[in-house]
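Take a look at the structure below.
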Amino acid sequence: MDSLKIIGGQPLSGEIPISGAKNSALKLMAACLLTAEPVTLTNMPNLADTRFLSQLLQTLGVEVYWPKGDSECRLNAEKLTSTIAPYEQVRKMRASFNVLGPMLARYGHATVSLPGGCAIGARPVDLHLQAFEAMGADLLVEQGYVKAAAIHGLKGAQIVFPFVSVGATEHAMLAATLAKGETVLENAAREPEIADLADCLISMGAKIEGAGSSTITIQGVDELHGTNHKVMSDRIEAGTYAMAVAAAGGHVTLTNAPVGALSAINHALRNAGVKVEADKDAGTIEIETTGQPLAPVNVDTAPHPGFPTDLQAQFMALMSVARGTSVIRENIFENRFMHAPELSRLGANIAVRGSEAIVTGVEKLKGAPVMATDLRASVSLVIAGLAAQGETTVSRIYHLDRGFERLEEKLSAVGANIRRTSEEDEG
Ligand code: UD1
């Protein structure tokens, strides 16, 4: 198993290119199932998660041309050989569940394993299933699988989500593109990845209005065609590197950045005393520290445009070295503070009470061996390691490989002392 060794205390300077967004790419890949024509995605991030989904799509009969390391991926779902997504594949990555809606919409049937829980909470898919039922699908949940059928096709429906869910909004939107008549999604999630998915679907011939707002209207069409779409840049990756620079100190320009999608994050960083210069036209964000201690900032995670839950762990690492006490409240997932005890191993002072973490900044963190527990938690340990004195070893970094492309390469290029070691290297 690989680990990362970090010697902290080096200021960062230079440029970090931001990759395509994982959370967008996964839904865009699922969209290829809606058409018999090829879909080409550019700015694709090479990650364990996108590769898992590529394997699942191939199991279903999709032809995938995506050379290793390439940022262009061609998907052709002309003929599916199966509409069954097996447990062994879906359990590896939750977003795989999103193949259900497109197959159901195009073929009238699909059988997809339930994704199961994950380290950050139960994460049910009841809202996804309620949306398909509203669109006239018959659903049977049996032996861990959802068997869905809509023999005469899906029908447009009025769907009011009881609370905001990114996955359910995207999944319902995918399916509604091929349903008969109009579908209205109320209380829809407004994450930028939803607008990105809608843009791609519109370029395939779908009729969608309002994506990015809380009401999305979709007029179903008989069929969709192929397209060429550039995956939006990853706002979570950009926010993560911005926080790494803020924690380690220095002056870094993020390039290919999704500038418009980062307001809540830029706001929190500015309140902490970090200089943030965003240039929308150039797609760049400059992050610069002032040499003064960081100010404590309270954040509450919330659906977009609020502060994203996927940056909560990273912000906690940053607040661990602020001067003063901040309160970080997690409102989206019930079990997303597993990084707190690991950060404490580096000397952070964090008290968790229910959905609140009270972080009292310390002057210096000190390197230690720590263990990654989930994707975003593991990168928070990297941020803390960059800010800490001495050596930090982060083990179980397969979590990181799920969502951060060439992390150690990008950080080394701006002066971080970070390297990957595998067990063989350790002898
Ligand atoms: C997506 C992102 C994830 C991010 C999350 C919240 C992807 C691949 N993942 O996850 O990185 O952390 O949005 O911004 O895009 N819920 C239900 N029933 C459902 C669906 C969701 O109860 O049917 C609950 C979840 O347990 C959670 C909340 O709703 O408490 C939000 O989940 P949701 O927005 O659906 O997250 P994901 O789409 O899974």
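Each chain of the structure tokens is named A, B, ... in the order shown, its residues numbered from 1; ligands are numbered from 1 in display order.
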
- request: List the neighbours of Glu342 of chain A out to 9 Å using only C-alpha atoms; skip same-chain residues closer than 2 positions along the sequence, and give me the result as JSON, numbers by chain.
  value: {"A": [338, 339, 340, 344, 345, 346, 348, 369, 370, 371, 372, 381]}

Writer output for current selection, N, CA and C atoms, as a short mmCIF file (atom, residue, chain, number, x, y, z; two decimals), in the first residue's frame:
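Ended up saving to result-v3.cif:
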```
data_model
loop_
_atom_site.label_atom_id
_atom_site.label_comp_id
_atom_site.auth_asym_id
_atom_site.auth_seq_id
_atom_site.Cartn_x
_atom_site.Cartn_y
_atom_site.Cartn_z
N MET A 338 -14.12 12.38 10.59
CA MET A 338 -13.12 11.37 10.95
C MET A 338 -11.70 11.87 10.83
N HIS A 339 -11.55 12.99 10.13
CA HIS A 339 -10.20 13.58 10.03
C HIS A 339 -9.81 14.28 11.33
N ALA A 340 -10.81 14.62 12.18
CA ALA A 340 -10.48 15.39 13.40
C ALA A 340 -9.47 14.65 14.30
N SER A 344 -5.62 15.76 15.10
CA SER A 344 -5.15 15.92 16.49
C SER A 344 -3.80 15.23 16.70
N ARG A 345 -3.56 14.17 15.95
CA ARG A 345 -2.26 13.48 16.06
C ARG A 345 -1.11 14.41 15.65
N LEU A 346 -1.44 15.41 14.84
CA LEU A 346 -0.40 16.38 14.43
C LEU A 346 -0.36 17.57 15.39
N ALA A 348 -3.26 19.29 16.42
CA ALA A 348 -4.41 20.20 16.30
C ALA A 348 -5.28 20.06 17.54
N PRO A 369 2.79 10.18 11.96
CA PRO A 369 2.13 9.26 11.04
C PRO A 369 0.61 9.35 11.21
N VAL A 370 -0.12 9.46 10.12
CA VAL A 370 -1.58 9.54 10.18
C VAL A 370 -2.17 8.64 9.09
N MET A 371 -3.49 8.44 9.21
CA MET A 371 -4.14 7.51 8.29
C MET A 371 -5.33 8.17 7.61
N ALA A 372 -5.39 8.03 6.31
CA ALA A 372 -6.51 8.59 5.55
C ALA A 372 -7.76 7.72 5.74
N LEU A 381 -5.28 15.90 5.59
CA LEU A 381 -4.06 15.50 6.31
C LEU A 381 -2.82 15.94 5.53
#
```

query: Got a sec: who's within 6 Å of segment 179-187 of chain A, counting only C-alpha atoms, leaving out chain neighbours fewer than 2 positions off, as a list of chain:residue names?
result: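 Counting only C-alpha atoms, the residues come to A:Leu154, A:Lys155, A:Gly156, A:Ala157, A:Gln158, A:Ile159, A:Val160, A:Phe161, A:Ala176, A:Thr177, A:Ser214, A:Thr215, A:Ile216, A:Thr217, A:Ile218, A:Gln219, A:Gly220.
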
Would you mind exporting the chosen residues as a compact mmCIF listing (two decimals), in the first residue's frame, restricted to all heavy atoms?
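The resulting file, selection.txt, is shown below:
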```txt
# COMPACT_ATOMS: atom_id res chain seq x y z
N LEU A 154 -40.53 6.11 -19.78
CA LEU A 154 -40.79 7.00 -18.63
C LEU A 154 -41.70 8.14 -19.05
O LEU A 154 -41.71 8.53 -20.23
CB LEU A 154 -39.47 7.56 -18.09
CG LEU A 154 -38.52 6.56 -17.45
CD1 LEU A 154 -37.18 7.25 -17.12
CD2 LEU A 154 -39.11 5.96 -16.17
N LYS A 155 -42.45 8.66 -18.08
CA LYS A 155 -43.35 9.81 -18.36
C LYS A 155 -42.87 11.01 -17.56
O LYS A 155 -42.42 10.86 -16.41
CB LYS A 155 -44.79 9.49 -17.89
CG LYS A 155 -45.44 8.32 -18.61
CD LYS A 155 -46.91 8.23 -18.25
CE LYS A 155 -47.21 8.08 -16.76
NZ LYS A 155 -47.13 6.77 -16.20
N GLY A 156 -43.04 12.19 -18.14
CA GLY A 156 -42.67 13.41 -17.43
C GLY A 156 -43.46 13.52 -16.13
O GLY A 156 -44.57 12.99 -16.02
N ALA A 157 -42.88 14.18 -15.13
CA ALA A 157 -43.55 14.28 -13.82
C ALA A 157 -43.13 15.56 -13.11
O ALA A 157 -42.11 16.17 -13.45
CB ALA A 157 -43.18 13.08 -12.96
N GLN A 158 -43.93 15.92 -12.13
CA GLN A 158 -43.63 17.06 -11.27
C GLN A 158 -42.95 16.45 -10.04
O GLN A 158 -43.58 15.69 -9.31
CB GLN A 158 -44.96 17.72 -10.89
CG GLN A 158 -44.87 18.91 -10.00
CD GLN A 158 -44.74 20.19 -10.81
OE1 GLN A 158 -45.02 20.21 -12.01
NE2 GLN A 158 -44.28 21.25 -10.16
N ILE A 159 -41.70 16.75 -9.81
CA ILE A 159 -40.99 16.13 -8.69
C ILE A 159 -40.51 17.23 -7.74
O ILE A 159 -39.76 18.13 -8.14
CB ILE A 159 -39.78 15.29 -9.20
CG1 ILE A 159 -40.31 14.12 -10.06
CG2 ILE A 159 -38.93 14.76 -8.04
CD1 ILE A 159 -39.27 13.51 -10.95
N VAL A 160 -40.98 17.14 -6.50
CA VAL A 160 -40.55 18.13 -5.50
C VAL A 160 -39.64 17.39 -4.52
O VAL A 160 -40.10 16.54 -3.75
CB VAL A 160 -41.77 18.74 -4.76
CG1 VAL A 160 -41.31 19.84 -3.81
CG2 VAL A 160 -42.79 19.27 -5.75
N PHE A 161 -38.36 17.69 -4.56
CA PHE A 161 -37.45 17.01 -3.64
C PHE A 161 -37.66 17.55 -2.23
O PHE A 161 -37.71 18.78 -2.04
CB PHE A 161 -35.99 17.24 -4.07
CG PHE A 161 -35.63 16.56 -5.35
CD1 PHE A 161 -35.34 17.29 -6.50
CD2 PHE A 161 -35.59 15.18 -5.43
CE1 PHE A 161 -35.00 16.67 -7.68
CE2 PHE A 161 -35.26 14.53 -6.61
CZ PHE A 161 -34.97 15.28 -7.75
N ALA A 176 -35.04 12.16 -17.30
CA ALA A 176 -36.15 12.94 -17.84
C ALA A 176 -35.91 13.39 -19.28
O ALA A 176 -36.86 13.70 -20.00
CB ALA A 176 -36.39 14.16 -16.95
N THR A 177 -34.64 13.41 -19.71
CA THR A 177 -34.35 13.87 -21.08
C THR A 177 -35.08 13.01 -22.11
O THR A 177 -35.44 13.50 -23.18
CB THR A 177 -32.84 13.85 -21.41
OG1 THR A 177 -32.36 12.52 -21.20
CG2 THR A 177 -32.07 14.83 -20.54
N SER A 214 -33.09 26.43 -8.65
CA SER A 214 -33.74 25.36 -7.90
C SER A 214 -34.96 24.77 -8.61
O SER A 214 -35.57 23.84 -8.10
CB SER A 214 -34.09 25.84 -6.49
OG SER A 214 -34.81 27.02 -6.58
N THR A 215 -35.30 25.30 -9.80
CA THR A 215 -36.36 24.65 -10.59
C THR A 215 -35.81 24.34 -11.98
O THR A 215 -35.36 25.24 -12.70
CB THR A 215 -37.58 25.60 -10.74
OG1 THR A 215 -38.01 25.96 -9.43
CG2 THR A 215 -38.72 24.92 -11.47
N ILE A 216 -35.81 23.07 -12.31
CA ILE A 216 -35.29 22.65 -13.62
C ILE A 216 -36.45 22.04 -14.41
O ILE A 216 -37.18 21.18 -13.89
CB ILE A 216 -34.16 21.60 -13.47
CG1 ILE A 216 -33.05 22.14 -12.54
CG2 ILE A 216 -33.58 21.22 -14.83
CD1 ILE A 216 -31.92 21.17 -12.30
N THR A 217 -36.63 22.50 -15.64
CA THR A 217 -37.71 21.99 -16.48
C THR A 217 -37.10 21.25 -17.67
O THR A 217 -36.20 21.77 -18.34
CB THR A 217 -38.59 23.15 -16.99
OG1 THR A 217 -38.99 23.91 -15.85
CG2 THR A 217 -39.83 22.64 -17.71
N ILE A 218 -37.57 20.04 -17.88
CA ILE A 218 -37.03 19.21 -18.96
C ILE A 218 -38.19 18.76 -19.85
O ILE A 218 -39.16 18.17 -19.35
CB ILE A 218 -36.32 17.95 -18.38
CG1 ILE A 218 -35.24 18.37 -17.37
CG2 ILE A 218 -35.68 17.11 -19.49
CD1 ILE A 218 -35.36 17.76 -16.04
N GLN A 219 -38.10 19.07 -21.14
CA GLN A 219 -39.08 18.54 -22.10
C GLN A 219 -38.44 17.29 -22.71
O GLN A 219 -37.40 17.39 -23.35
CB GLN A 219 -39.36 19.54 -23.24
CG GLN A 219 -39.81 20.92 -22.82
CD GLN A 219 -41.22 20.91 -22.24
OE1 GLN A 219 -41.99 19.97 -22.43
NE2 GLN A 219 -41.56 21.97 -21.53
N GLY A 220 -39.06 16.15 -22.54
CA GLY A 220 -38.48 14.91 -23.07
C GLY A 220 -38.42 14.93 -24.59
O GLY A 220 -39.27 15.54 -25.25
```

message: Could you list, as a ChimeraX atom specification, every residue within 10 Å of Gln58 of chain A, counting only C-alpha atoms and ignoring same-chain residues fewer than 6 positions away?
response: /A:52,64,75-77,80-82

Can I get the selection written as a PDB file, in the first residue's frame, with all heavy atoms?
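Contents of part.pdb, freshly written:
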```pdb
ATOM      1  N   PHE A  52     -12.949   3.462 -12.615  1.00  0.00           N
ATOM      2  CA  PHE A  52     -13.934   2.460 -12.153  1.00  0.00           C
ATOM      3  C   PHE A  52     -15.187   2.544 -13.018  1.00  0.00           C
ATOM      4  O   PHE A  52     -15.739   1.542 -13.445  1.00  0.00           O
ATOM      5  CB  PHE A  52     -14.407   2.744 -10.713  1.00  0.00           C
ATOM      6  CG  PHE A  52     -13.461   2.344  -9.620  1.00  0.00           C
ATOM      7  CD1 PHE A  52     -13.395   3.107  -8.446  1.00  0.00           C
ATOM      8  CD2 PHE A  52     -12.667   1.216  -9.716  1.00  0.00           C
ATOM      9  CE1 PHE A  52     -12.540   2.761  -7.417  1.00  0.00           C
ATOM     10  CE2 PHE A  52     -11.810   0.859  -8.688  1.00  0.00           C
ATOM     11  CZ  PHE A  52     -11.743   1.638  -7.546  1.00  0.00           C
ATOM     12  N   VAL A  64     -15.196   1.960 -24.874  1.00  0.00           N
ATOM     13  CA  VAL A  64     -14.506   3.108 -24.268  1.00  0.00           C
ATOM     14  C   VAL A  64     -13.111   3.209 -24.868  1.00  0.00           C
ATOM     15  O   VAL A  64     -12.352   2.240 -24.848  1.00  0.00           O
ATOM     16  CB  VAL A  64     -14.393   2.948 -22.733  1.00  0.00           C
ATOM     17  CG1 VAL A  64     -13.685   4.150 -22.118  1.00  0.00           C
ATOM     18  CG2 VAL A  64     -15.768   2.750 -22.098  1.00  0.00           C
ATOM     19  N   LEU A  75     -16.676   7.591 -25.660  1.00  0.00           N
ATOM     20  CA  LEU A  75     -17.592   6.564 -25.164  1.00  0.00           C
ATOM     21  C   LEU A  75     -18.645   6.313 -26.231  1.00  0.00           C
ATOM     22  O   LEU A  75     -19.248   7.255 -26.741  1.00  0.00           O
ATOM     23  CB  LEU A  75     -18.291   7.069 -23.897  1.00  0.00           C
ATOM     24  CG  LEU A  75     -17.371   7.516 -22.767  1.00  0.00           C
ATOM     25  CD1 LEU A  75     -18.069   8.526 -21.873  1.00  0.00           C
ATOM     26  CD2 LEU A  75     -16.924   6.314 -21.961  1.00  0.00           C
ATOM     27  N   ASN A  76     -18.844   5.043 -26.544  1.00  0.00           N
ATOM     28  CA  ASN A  76     -19.848   4.740 -27.557  1.00  0.00           C
ATOM     29  C   ASN A  76     -20.783   3.655 -27.030  1.00  0.00           C
ATOM     30  O   ASN A  76     -20.399   2.498 -26.893  1.00  0.00           O
ATOM     31  CB  ASN A  76     -19.140   4.275 -28.844  1.00  0.00           C
ATOM     32  CG  ASN A  76     -20.124   4.104 -29.981  1.00  0.00           C
ATOM     33  OD1 ASN A  76     -21.338   3.992 -29.753  1.00  0.00           O
ATOM     34  ND2 ASN A  76     -19.624   4.074 -31.200  1.00  0.00           N
ATOM     35  N   ALA A  77     -22.013   4.049 -26.727  1.00  0.00           N
ATOM     36  CA  ALA A  77     -22.995   3.104 -26.160  1.00  0.00           C
ATOM     37  C   ALA A  77     -24.009   2.706 -27.233  1.00  0.00           C
ATOM     38  O   ALA A  77     -25.199   2.608 -26.974  1.00  0.00           O
ATOM     39  CB  ALA A  77     -23.691   3.746 -24.965  1.00  0.00           C
ATOM     40  N   LEU A  80     -25.865  -1.792 -26.041  1.00  0.00           N
ATOM     41  CA  LEU A  80     -25.494  -2.327 -24.729  1.00  0.00           C
ATOM     42  C   LEU A  80     -25.659  -3.848 -24.772  1.00  0.00           C
ATOM     43  O   LEU A  80     -26.574  -4.366 -25.407  1.00  0.00           O
ATOM     44  CB  LEU A  80     -26.381  -1.738 -23.640  1.00  0.00           C
ATOM     45  CG  LEU A  80     -26.215  -0.252 -23.343  1.00  0.00           C
ATOM     46  CD1 LEU A  80     -26.929   0.107 -22.049  1.00  0.00           C
ATOM     47  CD2 LEU A  80     -24.746   0.138 -23.240  1.00  0.00           C
ATOM     48  N   THR A  81     -24.748  -4.545 -24.075  1.00  0.00           N
ATOM     49  CA  THR A  81     -24.865  -6.000 -24.024  1.00  0.00           C
ATOM     50  C   THR A  81     -25.545  -6.438 -22.734  1.00  0.00           C
ATOM     51  O   THR A  81     -25.919  -7.590 -22.579  1.00  0.00           O
ATOM     52  CB  THR A  81     -23.468  -6.644 -24.109  1.00  0.00           C
ATOM     53  OG1 THR A  81     -22.627  -5.965 -23.164  1.00  0.00           O
ATOM     54  CG2 THR A  81     -22.876  -6.487 -25.507  1.00  0.00           C
ATOM     55  N   SER A  82     -25.693  -5.495 -21.785  1.00  0.00           N
ATOM     56  CA  SER A  82     -26.332  -5.819 -20.515  1.00  0.00           C
ATOM     57  C   SER A  82     -26.879  -4.531 -19.911  1.00  0.00           C
ATOM     58  O   SER A  82     -26.324  -3.450 -20.137  1.00  0.00           O
ATOM     59  CB  SER A  82     -25.293  -6.434 -19.562  1.00  0.00           C
ATOM     60  OG  SER A  82     -25.772  -6.399 -18.240  1.00  0.00           O
TER      61      SER A  82
END
```

query: What residues in segment 77-211 of chain A get the DSSP label alpha helix (DSSP H)? Please answer as a ChimeraX atom specification.
result: /A:87-90,100-107,126-134,166-176,192-203

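Using only C-alpha atoms and all ligand atoms, we find that the residues with an atom at most 7 Å from any atom of ligand 1 are Asn23, Ser24, Leu26, Ala95, Gly121, Ala122, Arg123, Pro124, Val125, Asp126, Leu127, His128, Val164, Ser165, Val166, Gly167, Ala168, Pro303, Pro308, Thr309, Asp310, Ile332, Phe333 and Glu334 of chain A.
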
Please report, as a tab-separated table, each residue of segment 163-241 of chain A lying at most 12 Å from segment 389-405 of chain A, together with the nearest pair of atoms and the separation in Å rounded to one decimal; use only C-alpha atoms, and order rows by chain and ascending residue number.
```
residue	atom	partner	partner_atom	distance
A:Asp234	CA	A:Phe404	CA	9.7
A:Arg235	CA	A:Phe404	CA	11.7
A:Ile236	CA	A:Phe404	CA	9.6
A:Glu237	CA	A:Phe404	CA	7.0
A:Ala238	CA	A:Phe404	CA	10.5
A:Thr240	CA	A:Phe404	CA	9.8
A:Tyr241	CA	A:Phe404	CA	10.6
```

Save out the residues we just selected, N, CA, C and O atoms, as a PDB file, in the first residue's frame.
```
ATOM      1  N   ASP A 234     -12.377  21.384 -11.680  1.00  0.00           N
ATOM      2  CA  ASP A 234     -12.773  20.860 -10.371  1.00  0.00           C
ATOM      3  C   ASP A 234     -12.682  21.939  -9.281  1.00  0.00           C
ATOM      4  O   ASP A 234     -11.588  22.351  -8.888  1.00  0.00           O
ATOM      5  N   ARG A 235     -13.837  22.379  -8.804  1.00  0.00           N
ATOM      6  CA  ARG A 235     -13.831  23.452  -7.800  1.00  0.00           C
ATOM      7  C   ARG A 235     -13.323  22.922  -6.451  1.00  0.00           C
ATOM      8  O   ARG A 235     -12.763  23.674  -5.650  1.00  0.00           O
ATOM      9  N   ILE A 236     -13.503  21.638  -6.197  1.00  0.00           N
ATOM     10  CA  ILE A 236     -13.025  21.086  -4.922  1.00  0.00           C
ATOM     11  C   ILE A 236     -11.497  20.966  -4.948  1.00  0.00           C
ATOM     12  O   ILE A 236     -10.817  21.301  -3.979  1.00  0.00           O
ATOM     13  N   GLU A 237     -10.962  20.545  -6.091  1.00  0.00           N
ATOM     14  CA  GLU A 237      -9.501  20.476  -6.205  1.00  0.00           C
ATOM     15  C   GLU A 237      -8.917  21.893  -6.083  1.00  0.00           C
ATOM     16  O   GLU A 237      -7.938  22.108  -5.361  1.00  0.00           O
ATOM     17  N   ALA A 238      -9.542  22.864  -6.770  1.00  0.00           N
ATOM     18  CA  ALA A 238      -9.041  24.240  -6.710  1.00  0.00           C
ATOM     19  C   ALA A 238      -9.084  24.752  -5.270  1.00  0.00           C
ATOM     20  O   ALA A 238      -8.107  25.331  -4.768  1.00  0.00           O
ATOM     21  N   THR A 240      -9.049  23.036  -2.567  1.00  0.00           N
ATOM     22  CA  THR A 240      -8.079  22.283  -1.759  1.00  0.00           C
ATOM     23  C   THR A 240      -6.685  22.891  -1.884  1.00  0.00           C
ATOM     24  O   THR A 240      -5.988  23.112  -0.883  1.00  0.00           O
ATOM     25  N   TYR A 241      -6.264  23.184  -3.134  1.00  0.00           N
ATOM     26  CA  TYR A 241      -4.924  23.765  -3.296  1.00  0.00           C
ATOM     27  C   TYR A 241      -4.862  25.180  -2.728  1.00  0.00           C
ATOM     28  O   TYR A 241      -3.840  25.585  -2.175  1.00  0.00           O
TER      29      TYR A 241
END
```

- request: May I have the residues within 6 Å of segment 244-258 of chain A as a PyMOL selection string, using only C-alpha atoms and disregarding those fewer than 2 positions away in the same chain?
  value: chain A and resi 11-18+233+235+241-242+260-261+283-289+318+383+386-387

Keeping only N, CA, C and O atoms, write the selected residues as an mmCIF file, in the first residue's frame.
```cif
data_model
loop_
_atom_site.group_PDB
_atom_site.id
_atom_site.type_symbol
_atom_site.label_atom_id
_atom_site.label_comp_id
_atom_site.auth_asym_id
_atom_site.auth_seq_id
_atom_site.Cartn_x
_atom_site.Cartn_y
_atom_site.Cartn_z
ATOM 1 N N PRO A 11 7.290 27.008 2.050
ATOM 2 C CA PRO A 11 6.274 27.835 1.386
ATOM 3 C C PRO A 11 6.109 27.385 -0.074
ATOM 4 O O PRO A 11 7.039 26.859 -0.679
ATOM 5 N N LEU A 12 4.928 27.604 -0.618
ATOM 6 C CA LEU A 12 4.640 27.135 -1.977
ATOM 7 C C LEU A 12 4.645 28.318 -2.932
ATOM 8 O O LEU A 12 4.126 29.389 -2.595
ATOM 9 N N SER A 13 5.237 28.114 -4.125
ATOM 10 C CA SER A 13 5.142 29.210 -5.088
ATOM 11 C C SER A 13 5.187 28.669 -6.514
ATOM 12 O O SER A 13 5.846 27.675 -6.790
ATOM 13 N N GLY A 14 4.421 29.315 -7.390
ATOM 14 C CA GLY A 14 4.358 28.874 -8.790
ATOM 15 C C GLY A 14 2.927 28.729 -9.244
ATOM 16 O O GLY A 14 2.040 29.451 -8.786
ATOM 17 N N GLU A 15 2.707 27.748 -10.138
ATOM 18 C CA GLU A 15 1.363 27.554 -10.700
ATOM 19 C C GLU A 15 0.890 26.130 -10.486
ATOM 20 O O GLU A 15 1.671 25.195 -10.582
ATOM 21 N N ILE A 16 -0.390 25.969 -10.222
ATOM 22 C CA ILE A 16 -0.969 24.621 -10.147
ATOM 23 C C ILE A 16 -2.139 24.551 -11.143
ATOM 24 O O ILE A 16 -3.100 25.309 -11.030
ATOM 25 N N PRO A 17 -2.032 23.652 -12.133
ATOM 26 C CA PRO A 17 -3.147 23.512 -13.070
ATOM 27 C C PRO A 17 -4.253 22.667 -12.451
ATOM 28 O O PRO A 17 -3.994 21.634 -11.837
ATOM 29 N N ILE A 18 -5.496 23.134 -12.608
ATOM 30 C CA ILE A 18 -6.632 22.394 -12.041
ATOM 31 C C ILE A 18 -7.180 21.435 -13.106
ATOM 32 O O ILE A 18 -7.311 21.791 -14.271
ATOM 33 N N SER A 233 -13.873 22.479 -14.771
ATOM 34 C CA SER A 233 -12.737 22.264 -13.866
ATOM 35 C C SER A 233 -13.230 21.996 -12.453
ATOM 36 O O SER A 233 -14.343 22.358 -12.088
ATOM 37 N N ARG A 235 -13.837 22.379 -8.804
ATOM 38 C CA ARG A 235 -13.831 23.452 -7.800
ATOM 39 C C ARG A 235 -13.323 22.922 -6.451
ATOM 40 O O ARG A 235 -12.763 23.674 -5.650
ATOM 41 N N TYR A 241 -6.264 23.184 -3.134
ATOM 42 C CA TYR A 241 -4.924 23.765 -3.296
ATOM 43 C C TYR A 241 -4.862 25.180 -2.728
ATOM 44 O O TYR A 241 -3.840 25.585 -2.175
ATOM 45 N N ALA A 242 -5.966 25.918 -2.849
ATOM 46 C CA ALA A 242 -5.979 27.261 -2.264
ATOM 47 C C ALA A 242 -5.739 27.150 -0.754
ATOM 48 O O ALA A 242 -4.960 27.918 -0.170
ATOM 49 N N GLY A 260 -15.932 31.092 -11.315
ATOM 50 C CA GLY A 260 -17.290 31.460 -10.896
ATOM 51 C C GLY A 260 -17.888 30.535 -9.854
ATOM 52 O O GLY A 260 -18.884 30.881 -9.208
ATOM 53 N N ALA A 261 -17.299 29.358 -9.667
ATOM 54 C CA ALA A 261 -17.903 28.358 -8.782
ATOM 55 C C ALA A 261 -17.314 28.389 -7.375
ATOM 56 O O ALA A 261 -17.646 27.565 -6.537
ATOM 57 N N GLY A 283 -9.356 32.551 -16.138
ATOM 58 C CA GLY A 283 -9.554 31.269 -15.446
ATOM 59 C C GLY A 283 -8.466 31.034 -14.403
ATOM 60 O O GLY A 283 -8.016 29.908 -14.189
ATOM 61 N N THR A 284 -8.015 32.119 -13.755
ATOM 62 C CA THR A 284 -6.948 31.950 -12.761
ATOM 63 C C THR A 284 -7.380 32.494 -11.397
ATOM 64 O O THR A 284 -8.185 33.427 -11.320
ATOM 65 N N ILE A 285 -6.822 31.905 -10.365
ATOM 66 C CA ILE A 285 -7.008 32.429 -9.008
ATOM 67 C C ILE A 285 -5.636 32.483 -8.349
ATOM 68 O O ILE A 285 -4.922 31.472 -8.298
ATOM 69 N N GLU A 286 -5.275 33.688 -7.900
ATOM 70 C CA GLU A 286 -3.980 33.841 -7.224
ATOM 71 C C GLU A 286 -4.217 33.792 -5.734
ATOM 72 O O GLU A 286 -5.088 34.509 -5.217
ATOM 73 N N ILE A 287 -3.430 32.999 -5.064
ATOM 74 C CA ILE A 287 -3.556 32.874 -3.617
ATOM 75 C C ILE A 287 -2.234 33.318 -3.007
ATOM 76 O O ILE A 287 -1.179 32.807 -3.393
ATOM 77 N N GLU A 288 -2.308 34.238 -2.064
ATOM 78 C CA GLU A 288 -1.065 34.729 -1.473
ATOM 79 C C GLU A 288 -1.262 34.949 0.025
ATOM 80 O O GLU A 288 -2.270 35.538 0.443
ATOM 81 N N THR A 289 -0.307 34.495 0.808
ATOM 82 C CA THR A 289 -0.402 34.732 2.249
ATOM 83 C C THR A 289 0.399 35.989 2.600
ATOM 84 O O THR A 289 1.289 36.398 1.841
ATOM 85 N N LEU A 318 -6.849 23.920 7.880
ATOM 86 C CA LEU A 318 -6.375 25.304 7.834
ATOM 87 C C LEU A 318 -6.650 26.028 9.158
ATOM 88 O O LEU A 318 -5.782 26.717 9.700
ATOM 89 N N ILE A 383 -2.717 18.678 3.715
ATOM 90 C CA ILE A 383 -2.619 20.125 3.980
ATOM 91 C C ILE A 383 -1.965 20.359 5.342
ATOM 92 O O ILE A 383 -1.042 21.167 5.482
ATOM 93 N N LEU A 386 1.708 19.699 5.219
ATOM 94 C CA LEU A 386 2.481 20.762 4.550
ATOM 95 C C LEU A 386 2.751 21.930 5.499
ATOM 96 O O LEU A 386 3.757 22.625 5.382
ATOM 97 N N ALA A 387 1.793 22.127 6.433
ATOM 98 C CA ALA A 387 1.937 23.241 7.379
ATOM 99 C C ALA A 387 2.764 22.845 8.601
ATOM 100 O O ALA A 387 3.245 23.712 9.328
#
```

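Distance-wise, atom CA of Glu78 of chain A and atom CA of Thr227 of chain A end up 13.5 Å apart.
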
message: For a quick check of understanding, using only C-alpha atoms, which of A:Leu375, A:Met204, A:Val321, A:Val259 has the smallest distance to Leu294 of chain A?
response: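 That would be A:Val321, the residue with the smallest distance to Leu294 of chain A.
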
task: Quick one: pick out all strand (DSSP E) residues within segment 23-64 of chain A from a backbone DSSP run and write them as JSON, numbers by chain.
output: {"A": [39, 40, 41, 42, 63, 64]}

message: For segment 66-74 of chain A, find every residue with an atom within 7 Å (counting only C-alpha atoms), except residues of its own chain fewer than 2 positions away, and show them as a PyMOL selection string.
response: chain A and resi 38-46+64+76

task: Have a look at atom CA of Ala264 of chain A and atom CA of Leu311 of chain A and let me know their distance in Å, one decimal.
output: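 Spanning atom CA of Ala264 of chain A to atom CA of Leu311 of chain A is a straight-line distance of 10.6 Å.
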
query: What gap, in Å, lies between atom CA of Lys275 of chain A and atom CA of Ala21 of chain A?
result: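 About the pair atom CA of Lys275 of chain A and atom CA of Ala21 of chain A: they are 24.4 Å apart.
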
Contact residues around Ser203 of chain A with only C-alpha atoms at 9 Å, ignoring same-chain residues under 6 positions, as a PyMOL selection string: chain A and resi 225-229

Those residues with C-alpha atoms, as a short mmCIF file (atom, residue, chain, number, x, y, z; two decimals), in the first residue's frame please?
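Written output follows (part18.cif):
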```
data_model
loop_
_atom_site.label_atom_id
_atom_site.label_comp_id
_atom_site.auth_asym_id
_atom_site.auth_seq_id
_atom_site.Cartn_x
_atom_site.Cartn_y
_atom_site.Cartn_z
CA HIS A 225 -27.31 12.33 -30.36
CA GLY A 226 -23.56 12.27 -29.79
CA THR A 227 -21.52 15.24 -28.66
CA ASN A 228 -18.14 16.61 -27.71
CA HIS A 229 -18.07 18.23 -24.26
#
```
